[in-house]
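In what follows, a structure is listed as structure tokens, so that the remarks can point back to it.
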Amino acid sequence: MAEQHTGIGISIKNLYKIFGSNPEAYIDAVKGGMTKTELNEKHNHVLGLKDINIDMPGGSIQVVMGLSGSGKSTLIRHINRLIDPTAGEVIVGDEDVVKMNETELREFRRHRTAMVFQKFALLPHRTVLENTVYGLEIQGVPREEQEKHARRWISRVGLDGFEDNYPNQLSGGMQQRVGLARALTNDAPILLMDEAFSALDPLIRMDMQSVLLDLQKEIRKTVVFITHDLDEALRLGDRIAILRDGEVVQQGTKQEIVLRPADEYISSFVREVNRGRVISVDMVMTPLSGEPQGMPIRSGTVLEVSAKKMTDSNASFAHVTDADGKPIGALDIQEVISAMVTPVDHETAA
Amino acid sequence: MEWLTEFPDLGTSTLRNIRLTVDGAFRDFTRAYGESIELLFEPVKWFLINSENFMTDMPWPLILGIVAVLVWIASRSWKITLSSVVVLIVIGLFGMWEDTMKTIAMTFVATVLAIIFGIPIGIGMSRSNRVQSVVNPILDIMQTMPSFVYLIPVIMLFGIGKVPGLIAVIIYAIPPIIRLTNLGIRLVDKDVLEAADAFGSSSWQRLKNVQMPLALPTIMAGINQTIMMALAMVVVASMVGVQGLGQQVLRAINNQYFTLGVLNGLAIVGVAIIFDRASQAYGQRLQRHTEVVHG
Ligand SMILES: Nc1ncnc2c1ncn2[C@@H]1O[C@H](COP(=O)(O)OP(=O)(O)O)[C@@H](O)[C@H]1O
Ligand SMILES: [Mg+2]
């Protein structure tokens, strides 16, 4: 089984989901601009998702963030079609998940996706090992091979020695490690994680985030990670999409979102963020004019680190270099510090 | 004012005609198909007779050993195992060994058949609200209709004997296992089912790997109730020729033999307690891993 995936991209196009007894009847009205409130009060249907368009590049972590009830779970369940859309397309690789028949969908779920759940959703009557092999077992993979893969992932997520325990004998954090091992054993290119760490205590949560980031360096899967927590989003996400009331209100890299929140709703999220640890020097550097001045700082370094380096060596100026050491921009300590402390007001930031 | 005190019924002659027509039709049906239906039940009869012979022909120490082993496997409790053996020994000392063996054989066969038919019906009910809404009232009728009433057509078809008795016992005892199979499957955690779906389980895989194992403790509770009801039915079934403890109770009633009645009644209670404790302990052991200890 291949370990490395160049990554399969996911592209969600014009996706709508209306919950209720007769969603088709209202799809045109919703496309024409009927609001969630009107649909709910007058027609007793719930607008779950409205005109979602997200491109998720293969091999990276896409975070979808939003408050409770904003439609995150609904959205991620469209990717493996645990929920059927009312309108729209979900293109995975070069296939439209929406158009698959039952058999194709089952094969797709078995080989292309794996999922980790907020409430773990382990099989309580099976041991850790038996839970972990589940995906391969239903594919009909020989038992020996199932166990070989499962034991490797159990070990990789740090559960050595717990193979024969039942889920109810483990703590929440350990149960979710089982959830992760079960998903990874499937060796699918897409990993769907619906608030996978939200039920865990803060310290254990940080721990699990590190486990995921470490693994991702090696496995390079296309990860869709749902969270309601901005710190988690910023820590994990290569790209972040923010949902509100079933609509995407902003999407982009984490730096774009912290530096240029699209509206008041997002500014209220990012106001408390430690910007020095999120924003990189690339976002504040100015174009080089003449010779590069001062010390070199690697592209991608966060502001906090670069400010420390510059003040430690008493430098007011520095230059940013790319991976090969070529200068690509100039840095002024004033701007570095002001970018770290300025609270973002969306009107002035735009 | 006579029309107010006398309910305006359909009239004696109309009612008599209805009775005659239905009875006639059923009698014709019996004459036409009785033999083929009896043939259909041949395997059941064979199963019952062999179970009975097994229990009565087997040397009693062996039976005691088998019961002890089975109860131990189910309950893993010395207390329950030992009490079961003691109860059987006391029953034997009071001269009711043979009848008790026949009753146990009957209960065993009725329970096995109830499981074979009940679980698939319960599964069917759990998969469709339509099926559930059709089967539920039928189960209500089966449980509330006095058993003597459905004995009538059964006897017309089969005559007096073991098979009609067995059928009556099954009709009376099967509802709990059907209901609790249905309930158990419907109560399975939606999150776990969703996970099974997300990994691409077929509907058979999801039944086999998730729904049945998680519903099993509930289904076991149904089996336990079915056994108890089957035992309760053996007295009624003895009226149509089923042998065993029930027959002795019936004899005691007819002849006002108080001691005979009490002893055989107590023997039924004893057998019931053995079945009950063993199957409940088994059910509890099944439940062990399903309980959530950590949140
Ligand atoms: N099956 C359903 N029927 C009706 N409304 C639903 C259903 N599932 C979700 N919703 C509604 O859709 C909205 C989004 O739900 P969800 O995707 O679970 O949000 P989140 O995961 O962001 O908390 C909520 O308003 C919720 O009430
Ligand atoms: Mg959710």
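Chain labels A, B, ... are given in the sequence in which chains occur in the structure tokens; within each chain residues are numbered consecutively from 1, and ligands are likewise numbered from 1 in the order shown.
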
All residues having an atom within 12 Å of ligand 1 (only C-alpha atoms and all ligand atoms) as an MDAnalysis selection string: chainID A and resid 16:23 36:37 40 44:50 64:78 82:85 117:118 193:196 198 225:229 242:248

Within 7 Å of chain B: residues of chain A, using only C-alpha atoms, as a ChimeraX atom specification: /A:82,106-107,109-110,114-115,121-125,135,138,166,168-172

Output file for the residues above (all heavy atoms, as a compact mmCIF listing (two decimals), in the first residue's frame):
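selection.txt, freshly written:
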```txt
# COMPACT_ATOMS: atom_id res chain seq x y z
N LEU A 82 -22.47 11.20 3.49
CA LEU A 82 -23.34 10.71 4.55
C LEU A 82 -24.62 11.54 4.54
O LEU A 82 -25.64 11.13 5.06
CB LEU A 82 -22.63 10.84 5.91
CG LEU A 82 -21.49 9.85 6.16
CD1 LEU A 82 -20.74 10.19 7.42
CD2 LEU A 82 -22.02 8.42 6.21
N ARG A 106 -20.03 3.19 -1.99
CA ARG A 106 -19.45 2.31 -0.97
C ARG A 106 -17.96 2.11 -1.23
O ARG A 106 -17.14 2.20 -0.32
CB ARG A 106 -20.19 0.98 -0.97
CG ARG A 106 -19.94 0.19 0.28
CD ARG A 106 -21.04 -0.79 0.56
NE ARG A 106 -21.17 -1.78 -0.48
CZ ARG A 106 -22.31 -2.19 -1.00
NH1 ARG A 106 -23.44 -1.65 -0.60
NH2 ARG A 106 -22.34 -3.10 -1.93
N GLU A 107 -17.61 1.88 -2.50
CA GLU A 107 -16.20 1.72 -2.85
C GLU A 107 -15.41 2.99 -2.55
O GLU A 107 -14.29 2.96 -2.06
CB GLU A 107 -16.06 1.33 -4.33
CG GLU A 107 -16.47 -0.10 -4.62
CD GLU A 107 -15.71 -1.10 -3.76
OE1 GLU A 107 -14.46 -1.07 -3.79
OE2 GLU A 107 -16.34 -1.88 -3.03
N ARG A 109 -16.13 5.28 -0.29
CA ARG A 109 -15.94 5.42 1.16
C ARG A 109 -14.88 4.46 1.67
O ARG A 109 -14.14 4.77 2.59
CB ARG A 109 -17.25 5.14 1.88
CG ARG A 109 -18.26 6.25 1.74
CD ARG A 109 -19.56 5.82 2.37
NE ARG A 109 -20.58 6.86 2.33
CZ ARG A 109 -21.86 6.63 2.62
NH1 ARG A 109 -22.25 5.41 2.94
NH2 ARG A 109 -22.72 7.60 2.58
N ARG A 110 -14.80 3.26 1.09
CA ARG A 110 -13.83 2.28 1.57
C ARG A 110 -12.41 2.66 1.23
O ARG A 110 -11.50 2.43 2.01
CB ARG A 110 -14.13 0.92 0.94
CG ARG A 110 -15.33 0.26 1.55
CD ARG A 110 -15.60 -1.08 0.93
NE ARG A 110 -16.76 -1.70 1.56
CZ ARG A 110 -17.23 -2.89 1.24
NH1 ARG A 110 -16.63 -3.60 0.30
NH2 ARG A 110 -18.28 -3.38 1.85
N ALA A 114 -11.56 8.39 4.96
CA ALA A 114 -11.67 7.81 6.30
C ALA A 114 -12.10 8.95 7.19
O ALA A 114 -11.83 10.12 6.89
CB ALA A 114 -10.35 7.24 6.76
N MET A 115 -12.80 8.64 8.28
CA MET A 115 -13.38 9.72 9.07
C MET A 115 -13.10 9.53 10.55
O MET A 115 -13.08 8.41 11.06
CB MET A 115 -14.88 9.76 8.79
CG MET A 115 -15.55 11.04 9.21
SD MET A 115 -17.15 11.20 8.39
CE MET A 115 -17.68 12.79 9.00
N ALA A 121 -17.18 7.46 18.33
CA ALA A 121 -17.96 6.48 17.57
C ALA A 121 -17.19 5.18 17.35
O ALA A 121 -17.18 4.61 16.27
CB ALA A 121 -18.42 7.07 16.22
N LEU A 122 -16.55 4.69 18.42
CA LEU A 122 -15.89 3.39 18.33
C LEU A 122 -16.92 2.30 18.57
O LEU A 122 -17.97 2.54 19.15
CB LEU A 122 -14.79 3.30 19.40
CG LEU A 122 -13.70 4.38 19.30
CD1 LEU A 122 -12.77 4.30 20.48
CD2 LEU A 122 -12.93 4.24 17.99
N LEU A 123 -16.60 1.09 18.12
CA LEU A 123 -17.49 -0.03 18.37
C LEU A 123 -17.21 -0.54 19.79
O LEU A 123 -16.12 -1.06 20.05
CB LEU A 123 -17.25 -1.13 17.35
CG LEU A 123 -17.49 -0.71 15.90
CD1 LEU A 123 -16.92 -1.73 14.93
CD2 LEU A 123 -18.97 -0.51 15.65
N PRO A 124 -18.17 -0.38 20.70
CA PRO A 124 -17.88 -0.66 22.11
C PRO A 124 -17.61 -2.13 22.40
O PRO A 124 -16.97 -2.45 23.40
CB PRO A 124 -19.15 -0.18 22.84
CG PRO A 124 -20.21 -0.15 21.81
CD PRO A 124 -19.53 0.10 20.49
N HIS A 125 -18.09 -3.02 21.52
CA HIS A 125 -17.93 -4.45 21.79
C HIS A 125 -16.65 -5.00 21.17
O HIS A 125 -16.42 -6.19 21.21
CB HIS A 125 -19.13 -5.21 21.27
CG HIS A 125 -19.33 -5.04 19.79
ND1 HIS A 125 -19.72 -3.85 19.22
CD2 HIS A 125 -19.18 -5.90 18.76
CE1 HIS A 125 -19.80 -3.99 17.92
NE2 HIS A 125 -19.48 -5.22 17.61
N GLY A 135 -12.05 -0.97 8.98
CA GLY A 135 -12.12 -0.55 7.58
C GLY A 135 -11.59 -1.62 6.63
O GLY A 135 -12.20 -1.93 5.61
N ILE A 138 -13.94 -4.93 6.46
CA ILE A 138 -15.11 -4.93 5.59
C ILE A 138 -14.72 -4.86 4.11
O ILE A 138 -15.53 -5.14 3.24
CB ILE A 138 -16.10 -3.80 5.93
CG1 ILE A 138 -15.46 -2.43 5.80
CG2 ILE A 138 -16.68 -3.98 7.31
CD1 ILE A 138 -16.44 -1.31 5.99
N TYR A 166 -10.77 -2.70 25.75
CA TYR A 166 -12.02 -2.23 25.16
C TYR A 166 -12.09 -0.71 25.29
O TYR A 166 -11.50 -0.14 26.23
CB TYR A 166 -13.21 -2.87 25.88
CG TYR A 166 -13.39 -4.31 25.48
CD1 TYR A 166 -12.75 -5.34 26.17
CD2 TYR A 166 -14.16 -4.64 24.37
CE1 TYR A 166 -12.89 -6.65 25.77
CE2 TYR A 166 -14.32 -5.95 23.97
CZ TYR A 166 -13.68 -6.96 24.67
OH TYR A 166 -13.82 -8.25 24.27
N ASN A 168 -14.18 1.34 26.44
CA ASN A 168 -14.63 1.94 27.71
C ASN A 168 -13.58 1.81 28.82
O ASN A 168 -13.77 2.30 29.91
CB ASN A 168 -15.98 1.37 28.16
CG ASN A 168 -15.89 -0.07 28.62
OD1 ASN A 168 -14.83 -0.69 28.58
ND2 ASN A 168 -17.00 -0.62 29.06
N GLN A 169 -12.47 1.14 28.53
CA GLN A 169 -11.40 1.08 29.52
C GLN A 169 -10.38 2.20 29.29
O GLN A 169 -9.41 2.30 30.03
CB GLN A 169 -10.69 -0.28 29.43
CG GLN A 169 -11.62 -1.44 29.74
CD GLN A 169 -10.97 -2.79 29.44
OE1 GLN A 169 -10.34 -2.95 28.41
NE2 GLN A 169 -11.14 -3.74 30.34
N LEU A 170 -10.59 3.01 28.24
CA LEU A 170 -9.62 4.05 27.89
C LEU A 170 -10.18 5.44 28.17
O LEU A 170 -11.38 5.66 28.17
CB LEU A 170 -9.27 3.96 26.39
CG LEU A 170 -8.76 2.62 25.88
CD1 LEU A 170 -8.52 2.71 24.38
CD2 LEU A 170 -7.49 2.22 26.61
N SER A 171 -9.27 6.39 28.39
CA SER A 171 -9.68 7.78 28.57
C SER A 171 -10.11 8.35 27.22
O SER A 171 -9.85 7.77 26.17
CB SER A 171 -8.52 8.59 29.11
OG SER A 171 -7.51 8.67 28.12
N GLY A 172 -10.76 9.52 27.25
CA GLY A 172 -11.23 10.15 26.03
C GLY A 172 -10.12 10.36 25.01
O GLY A 172 -10.26 10.06 23.83
```

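If you count only C-alpha atoms and ignore residues fewer than 3 places along the chain from Asn224 of chain B, what sits within 8 Å of it is Met220, Ala221, Ile227, Met228, Phe275, Asp276, Ser279 and Gln280 of chain B.
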
Extract, using only C-alpha atoms, all DNA, RNA and protein residues at most 10 Å from Val249 of chain A, discarding same-chain residues fewer than 6 positions from it, and format them as a ChimeraX atom specification. /A:52,66,241-243,261-263,265-266

Next, write the just-selected residues to a file, as a compact mmCIF listing (two decimals), in the first residue's frame, keeping N, CA and C atoms as the atom set.
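Final file, out27.txt:
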```
# COMPACT_ATOMS: atom_id res chain seq x y z
N ILE A 52 -22.10 26.92 -1.22
CA ILE A 52 -20.73 26.70 -0.73
C ILE A 52 -19.80 26.44 -1.91
N GLY A 66 -16.41 27.50 12.47
CA GLY A 66 -17.66 28.23 12.63
C GLY A 66 -18.24 27.88 13.97
N ALA A 241 -11.59 28.00 6.08
CA ALA A 241 -12.84 28.57 5.58
C ALA A 241 -13.72 28.81 6.80
N ILE A 242 -14.38 29.96 6.83
CA ILE A 242 -15.21 30.26 7.98
C ILE A 242 -16.68 30.24 7.57
N LEU A 243 -17.45 29.48 8.31
CA LEU A 243 -18.87 29.31 8.02
C LEU A 243 -19.70 30.10 9.01
N PRO A 261 -9.52 40.26 8.31
CA PRO A 261 -10.82 39.61 8.54
C PRO A 261 -11.89 40.28 7.69
N ALA A 262 -12.74 39.49 7.05
CA ALA A 262 -13.67 40.04 6.07
C ALA A 262 -14.79 40.84 6.70
N ASP A 263 -15.16 40.54 7.92
CA ASP A 263 -16.23 41.33 8.53
C ASP A 263 -16.14 41.31 10.05
N TYR A 265 -17.88 39.80 12.24
CA TYR A 265 -18.01 38.46 12.81
C TYR A 265 -16.64 37.80 12.94
N ILE A 266 -15.84 37.91 11.87
CA ILE A 266 -14.53 37.27 11.91
C ILE A 266 -13.55 38.07 12.76
```

Could you name the residues that touch Asn264 of chain B at 8 Å or less, counting only C-alpha atoms, but leaving out those on the same chain fewer than 5 positions away, as a PyMOL selection string? chain B and resi 96+245-246+248-249

Expected file: the selected residues, N, CA, C and O atoms, as a compact mmCIF listing (two decimals), in the first residue's frame:
```txt
# COMPACT_ATOMS: atom_id res chain seq x y z
N MET B 96 -40.41 -36.09 40.43
CA MET B 96 -40.92 -35.35 39.27
C MET B 96 -39.88 -35.24 38.16
O MET B 96 -39.98 -34.41 37.27
N LEU B 245 -44.81 -31.40 33.53
CA LEU B 245 -45.28 -30.89 34.82
C LEU B 245 -46.68 -30.32 34.72
O LEU B 245 -47.49 -30.47 35.63
N GLY B 246 -46.98 -29.66 33.62
CA GLY B 246 -48.28 -29.05 33.44
C GLY B 246 -49.40 -30.07 33.54
O GLY B 246 -50.46 -29.82 34.13
N GLN B 248 -49.47 -32.79 35.26
CA GLN B 248 -49.70 -33.17 36.66
C GLN B 248 -50.49 -32.08 37.38
O GLN B 248 -51.37 -32.37 38.20
N VAL B 249 -50.18 -30.82 37.08
CA VAL B 249 -50.94 -29.72 37.68
C VAL B 249 -52.40 -29.84 37.28
O VAL B 249 -53.31 -29.71 38.10
```

Ligand 2 proximity check over A:Ala188, A:Val224, A:Lys119, A:Lys254, using only C-alpha atoms and all ligand atoms: winner is A:Lys119

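You will find atom CA of Asp324 of chain A at 10.1 Å from atom CA of Ser299 of chain A.
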
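Among the candidates A:Gln146, A:Glu95, A:Ala199, A:Asp51, the one nearest to ligand 2 when counting only C-alpha atoms and all ligand atoms is A:Ala199.
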
I'd like to know which residues of segment 237-296 of chain A are helix (DSSP H, G or I) (by DSSP, run on the backbone); could you write them as a PDB file with N, CA and C atoms, in the first residue's frame?
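Okay, selection_5.pdb is ready:
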```pdb
ATOM      1  N   LYS A 254      -4.329  31.233   6.875  1.00  0.00           N
ATOM      2  CA  LYS A 254      -4.618  31.738   8.213  1.00  0.00           C
ATOM      3  C   LYS A 254      -4.144  33.182   8.368  1.00  0.00           C
ATOM      4  N   GLN A 255      -3.044  33.520   7.677  1.00  0.00           N
ATOM      5  CA  GLN A 255      -2.530  34.878   7.790  1.00  0.00           C
ATOM      6  C   GLN A 255      -3.491  35.876   7.171  1.00  0.00           C
ATOM      7  N   GLU A 256      -4.030  35.501   6.033  1.00  0.00           N
ATOM      8  CA  GLU A 256      -4.997  36.401   5.391  1.00  0.00           C
ATOM      9  C   GLU A 256      -6.177  36.650   6.320  1.00  0.00           C
ATOM     10  N   ILE A 257      -6.600  35.597   6.998  1.00  0.00           N
ATOM     11  CA  ILE A 257      -7.777  35.744   7.843  1.00  0.00           C
ATOM     12  C   ILE A 257      -7.477  36.582   9.076  1.00  0.00           C
ATOM     13  N   VAL A 258      -6.294  36.378   9.662  1.00  0.00           N
ATOM     14  CA  VAL A 258      -5.951  37.161  10.853  1.00  0.00           C
ATOM     15  C   VAL A 258      -5.664  38.618  10.481  1.00  0.00           C
ATOM     16  N   LEU A 259      -4.970  38.819   9.380  1.00  0.00           N
ATOM     17  CA  LEU A 259      -4.610  40.179   8.990  1.00  0.00           C
ATOM     18  C   LEU A 259      -5.772  40.948   8.379  1.00  0.00           C
ATOM     19  N   GLU A 264     -17.079  41.960  10.680  1.00  0.00           N
ATOM     20  CA  GLU A 264     -17.102  42.105  12.132  1.00  0.00           C
ATOM     21  C   GLU A 264     -17.112  40.740  12.832  1.00  0.00           C
ATOM     22  N   TYR A 265     -17.880  39.800  12.241  1.00  0.00           N
ATOM     23  CA  TYR A 265     -18.009  38.455  12.811  1.00  0.00           C
ATOM     24  C   TYR A 265     -16.640  37.804  12.936  1.00  0.00           C
ATOM     25  N   ILE A 266     -15.839  37.906  11.871  1.00  0.00           N
ATOM     26  CA  ILE A 266     -14.530  37.267  11.907  1.00  0.00           C
ATOM     27  C   ILE A 266     -13.554  38.066  12.761  1.00  0.00           C
ATOM     28  N   SER A 267     -13.656  39.402  12.715  1.00  0.00           N
ATOM     29  CA  SER A 267     -12.758  40.188  13.582  1.00  0.00           C
ATOM     30  C   SER A 267     -12.979  39.810  15.024  1.00  0.00           C
ATOM     31  N   SER A 268     -14.231  39.556  15.391  1.00  0.00           N
ATOM     32  CA  SER A 268     -14.487  39.218  16.783  1.00  0.00           C
ATOM     33  C   SER A 268     -13.819  37.889  17.147  1.00  0.00           C
ATOM     34  N   PHE A 269     -13.704  37.014  16.164  1.00  0.00           N
ATOM     35  CA  PHE A 269     -12.974  35.766  16.396  1.00  0.00           C
ATOM     36  C   PHE A 269     -11.482  36.021  16.582  1.00  0.00           C
ATOM     37  N   VAL A 270     -10.909  36.824  15.677  1.00  0.00           N
ATOM     38  CA  VAL A 270      -9.453  36.915  15.609  1.00  0.00           C
ATOM     39  C   VAL A 270      -8.872  37.948  16.562  1.00  0.00           C
ATOM     40  N   ARG A 275      -1.153  37.320  17.524  1.00  0.00           N
ATOM     41  CA  ARG A 275      -0.791  37.524  16.125  1.00  0.00           C
ATOM     42  C   ARG A 275       0.681  37.242  15.868  1.00  0.00           C
ATOM     43  N   GLY A 276       1.502  37.505  16.876  1.00  0.00           N
ATOM     44  CA  GLY A 276       2.934  37.276  16.725  1.00  0.00           C
ATOM     45  C   GLY A 276       3.269  35.829  16.403  1.00  0.00           C
ATOM     46  N   ARG A 277       2.373  34.927  16.794  1.00  0.00           N
ATOM     47  CA  ARG A 277       2.661  33.513  16.552  1.00  0.00           C
ATOM     48  C   ARG A 277       1.998  32.975  15.302  1.00  0.00           C
ATOM     49  N   VAL A 281       6.681  36.720   8.568  1.00  0.00           N
ATOM     50  CA  VAL A 281       7.344  37.926   8.075  1.00  0.00           C
ATOM     51  C   VAL A 281       6.951  38.243   6.633  1.00  0.00           C
ATOM     52  N   ASP A 282       6.575  37.209   5.895  1.00  0.00           N
ATOM     53  CA  ASP A 282       6.208  37.428   4.488  1.00  0.00           C
ATOM     54  C   ASP A 282       5.059  38.425   4.346  1.00  0.00           C
ATOM     55  N   MET A 283       4.173  38.460   5.385  1.00  0.00           N
ATOM     56  CA  MET A 283       3.004  39.306   5.285  1.00  0.00           C
ATOM     57  C   MET A 283       3.333  40.776   5.533  1.00  0.00           C
TER      58      MET A 283
END
```

Of B:Phe94, B:Ser75, B:Met58, B:Thr21, the one sitting nearest Leu263 of chain B when using only C-alpha atoms is B:Phe94

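The space between atom CA of His43 of chain A and atom CA of Tyr26 of chain A spans 8.6 Å.
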
Can you pull out every residue within 10 Å of Val131 of chain B, counting only C-alpha atoms, but drop anything in the same chain fewer than 5 positions away, and send it as a ChimeraX atom specification? /B:121-122,124-126,136

Write a file of the selected residues as a PDB file, in the first residue's frame, keeping all heavy atoms.
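So the final result, stored in again-v2.pdb, reads:
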```pdb
ATOM      1  N   ILE B 121     -37.987 -11.567  12.209  1.00  0.00           N
ATOM      2  CA  ILE B 121     -39.157 -10.681  12.179  1.00  0.00           C
ATOM      3  C   ILE B 121     -38.821  -9.361  12.873  1.00  0.00           C
ATOM      4  O   ILE B 121     -39.138  -8.274  12.373  1.00  0.00           O
ATOM      5  CB  ILE B 121     -40.375 -11.352  12.855  1.00  0.00           C
ATOM      6  CG1 ILE B 121     -40.786 -12.608  12.077  1.00  0.00           C
ATOM      7  CG2 ILE B 121     -41.547 -10.370  12.936  1.00  0.00           C
ATOM      8  CD1 ILE B 121     -41.884 -13.416  12.742  1.00  0.00           C
ATOM      9  N   GLY B 122     -38.123  -9.452  14.007  1.00  0.00           N
ATOM     10  CA  GLY B 122     -37.714  -8.238  14.722  1.00  0.00           C
ATOM     11  C   GLY B 122     -36.802  -7.366  13.878  1.00  0.00           C
ATOM     12  O   GLY B 122     -36.930  -6.146  13.857  1.00  0.00           O
ATOM     13  N   GLY B 124     -36.723  -7.273  10.604  1.00  0.00           N
ATOM     14  CA  GLY B 124     -37.589  -6.674   9.580  1.00  0.00           C
ATOM     15  C   GLY B 124     -38.327  -5.460  10.121  1.00  0.00           C
ATOM     16  O   GLY B 124     -38.402  -4.418   9.467  1.00  0.00           O
ATOM     17  N   MET B 125     -38.845  -5.592  11.337  1.00  0.00           N
ATOM     18  CA  MET B 125     -39.573  -4.468  11.947  1.00  0.00           C
ATOM     19  C   MET B 125     -38.679  -3.259  12.164  1.00  0.00           C
ATOM     20  O   MET B 125     -39.100  -2.120  12.008  1.00  0.00           O
ATOM     21  CB  MET B 125     -40.100  -4.897  13.319  1.00  0.00           C
ATOM     22  CG  MET B 125     -41.470  -5.467  13.327  1.00  0.00           C
ATOM     23  SD  MET B 125     -41.790  -6.062  14.995  1.00  0.00           S
ATOM     24  CE  MET B 125     -42.666  -4.660  15.676  1.00  0.00           C
ATOM     25  N   SER B 126     -37.410  -3.540  12.547  1.00  0.00           N
ATOM     26  CA  SER B 126     -36.527  -2.415  12.859  1.00  0.00           C
ATOM     27  C   SER B 126     -36.140  -1.647  11.604  1.00  0.00           C
ATOM     28  O   SER B 126     -35.727  -0.505  11.670  1.00  0.00           O
ATOM     29  CB  SER B 126     -35.268  -2.926  13.555  1.00  0.00           C
ATOM     30  OG  SER B 126     -34.444  -3.592  12.617  1.00  0.00           O
ATOM     31  N   ASN B 136     -46.846  -4.802  15.065  1.00  0.00           N
ATOM     32  CA  ASN B 136     -47.153  -4.482  16.468  1.00  0.00           C
ATOM     33  C   ASN B 136     -48.556  -4.876  16.914  1.00  0.00           C
ATOM     34  O   ASN B 136     -48.708  -5.545  17.933  1.00  0.00           O
ATOM     35  CB  ASN B 136     -46.895  -3.001  16.741  1.00  0.00           C
ATOM     36  CG  ASN B 136     -45.644  -2.814  17.588  1.00  0.00           C
ATOM     37  OD1 ASN B 136     -45.263  -3.721  18.330  1.00  0.00           O
ATOM     38  ND2 ASN B 136     -45.012  -1.669  17.477  1.00  0.00           N
TER      39      ASN B 136
END
```

At a cut-off of 8 Å, using only C-alpha atoms, what residues contact Met229 of chain B? Leave out same-chain residues fewer than 4 positions from it and give the result as number ranges by chain. B: 172-173, 225, 233

Let's have the selection written as a PDB file, in the first residue's frame, with N, CA, C and O atoms.
```
ATOM      1  N   TYR B 172     -47.736 -17.745  22.083  1.00  0.00           N
ATOM      2  CA  TYR B 172     -47.824 -16.976  23.307  1.00  0.00           C
ATOM      3  C   TYR B 172     -46.462 -16.376  23.681  1.00  0.00           C
ATOM      4  O   TYR B 172     -46.384 -15.264  24.203  1.00  0.00           O
ATOM      5  N   ALA B 173     -45.376 -17.086  23.409  1.00  0.00           N
ATOM      6  CA  ALA B 173     -44.073 -16.693  23.949  1.00  0.00           C
ATOM      7  C   ALA B 173     -43.208 -15.898  22.979  1.00  0.00           C
ATOM      8  O   ALA B 173     -42.214 -15.307  23.378  1.00  0.00           O
ATOM      9  N   GLN B 225     -37.445 -13.318  28.601  1.00  0.00           N
ATOM     10  CA  GLN B 225     -38.902 -13.216  28.768  1.00  0.00           C
ATOM     11  C   GLN B 225     -39.623 -14.320  28.018  1.00  0.00           C
ATOM     12  O   GLN B 225     -40.615 -14.871  28.492  1.00  0.00           O
ATOM     13  N   MET B 233     -46.735 -21.219  29.989  1.00  0.00           N
ATOM     14  CA  MET B 233     -47.745 -21.754  29.079  1.00  0.00           C
ATOM     15  C   MET B 233     -47.877 -23.272  29.179  1.00  0.00           C
ATOM     16  O   MET B 233     -48.820 -23.842  28.637  1.00  0.00           O
TER      17      MET B 233
END
```

Which of segment 11-231 of chain A counts as strand (DSSP E) under DSSP, as a count of residues only please? 48
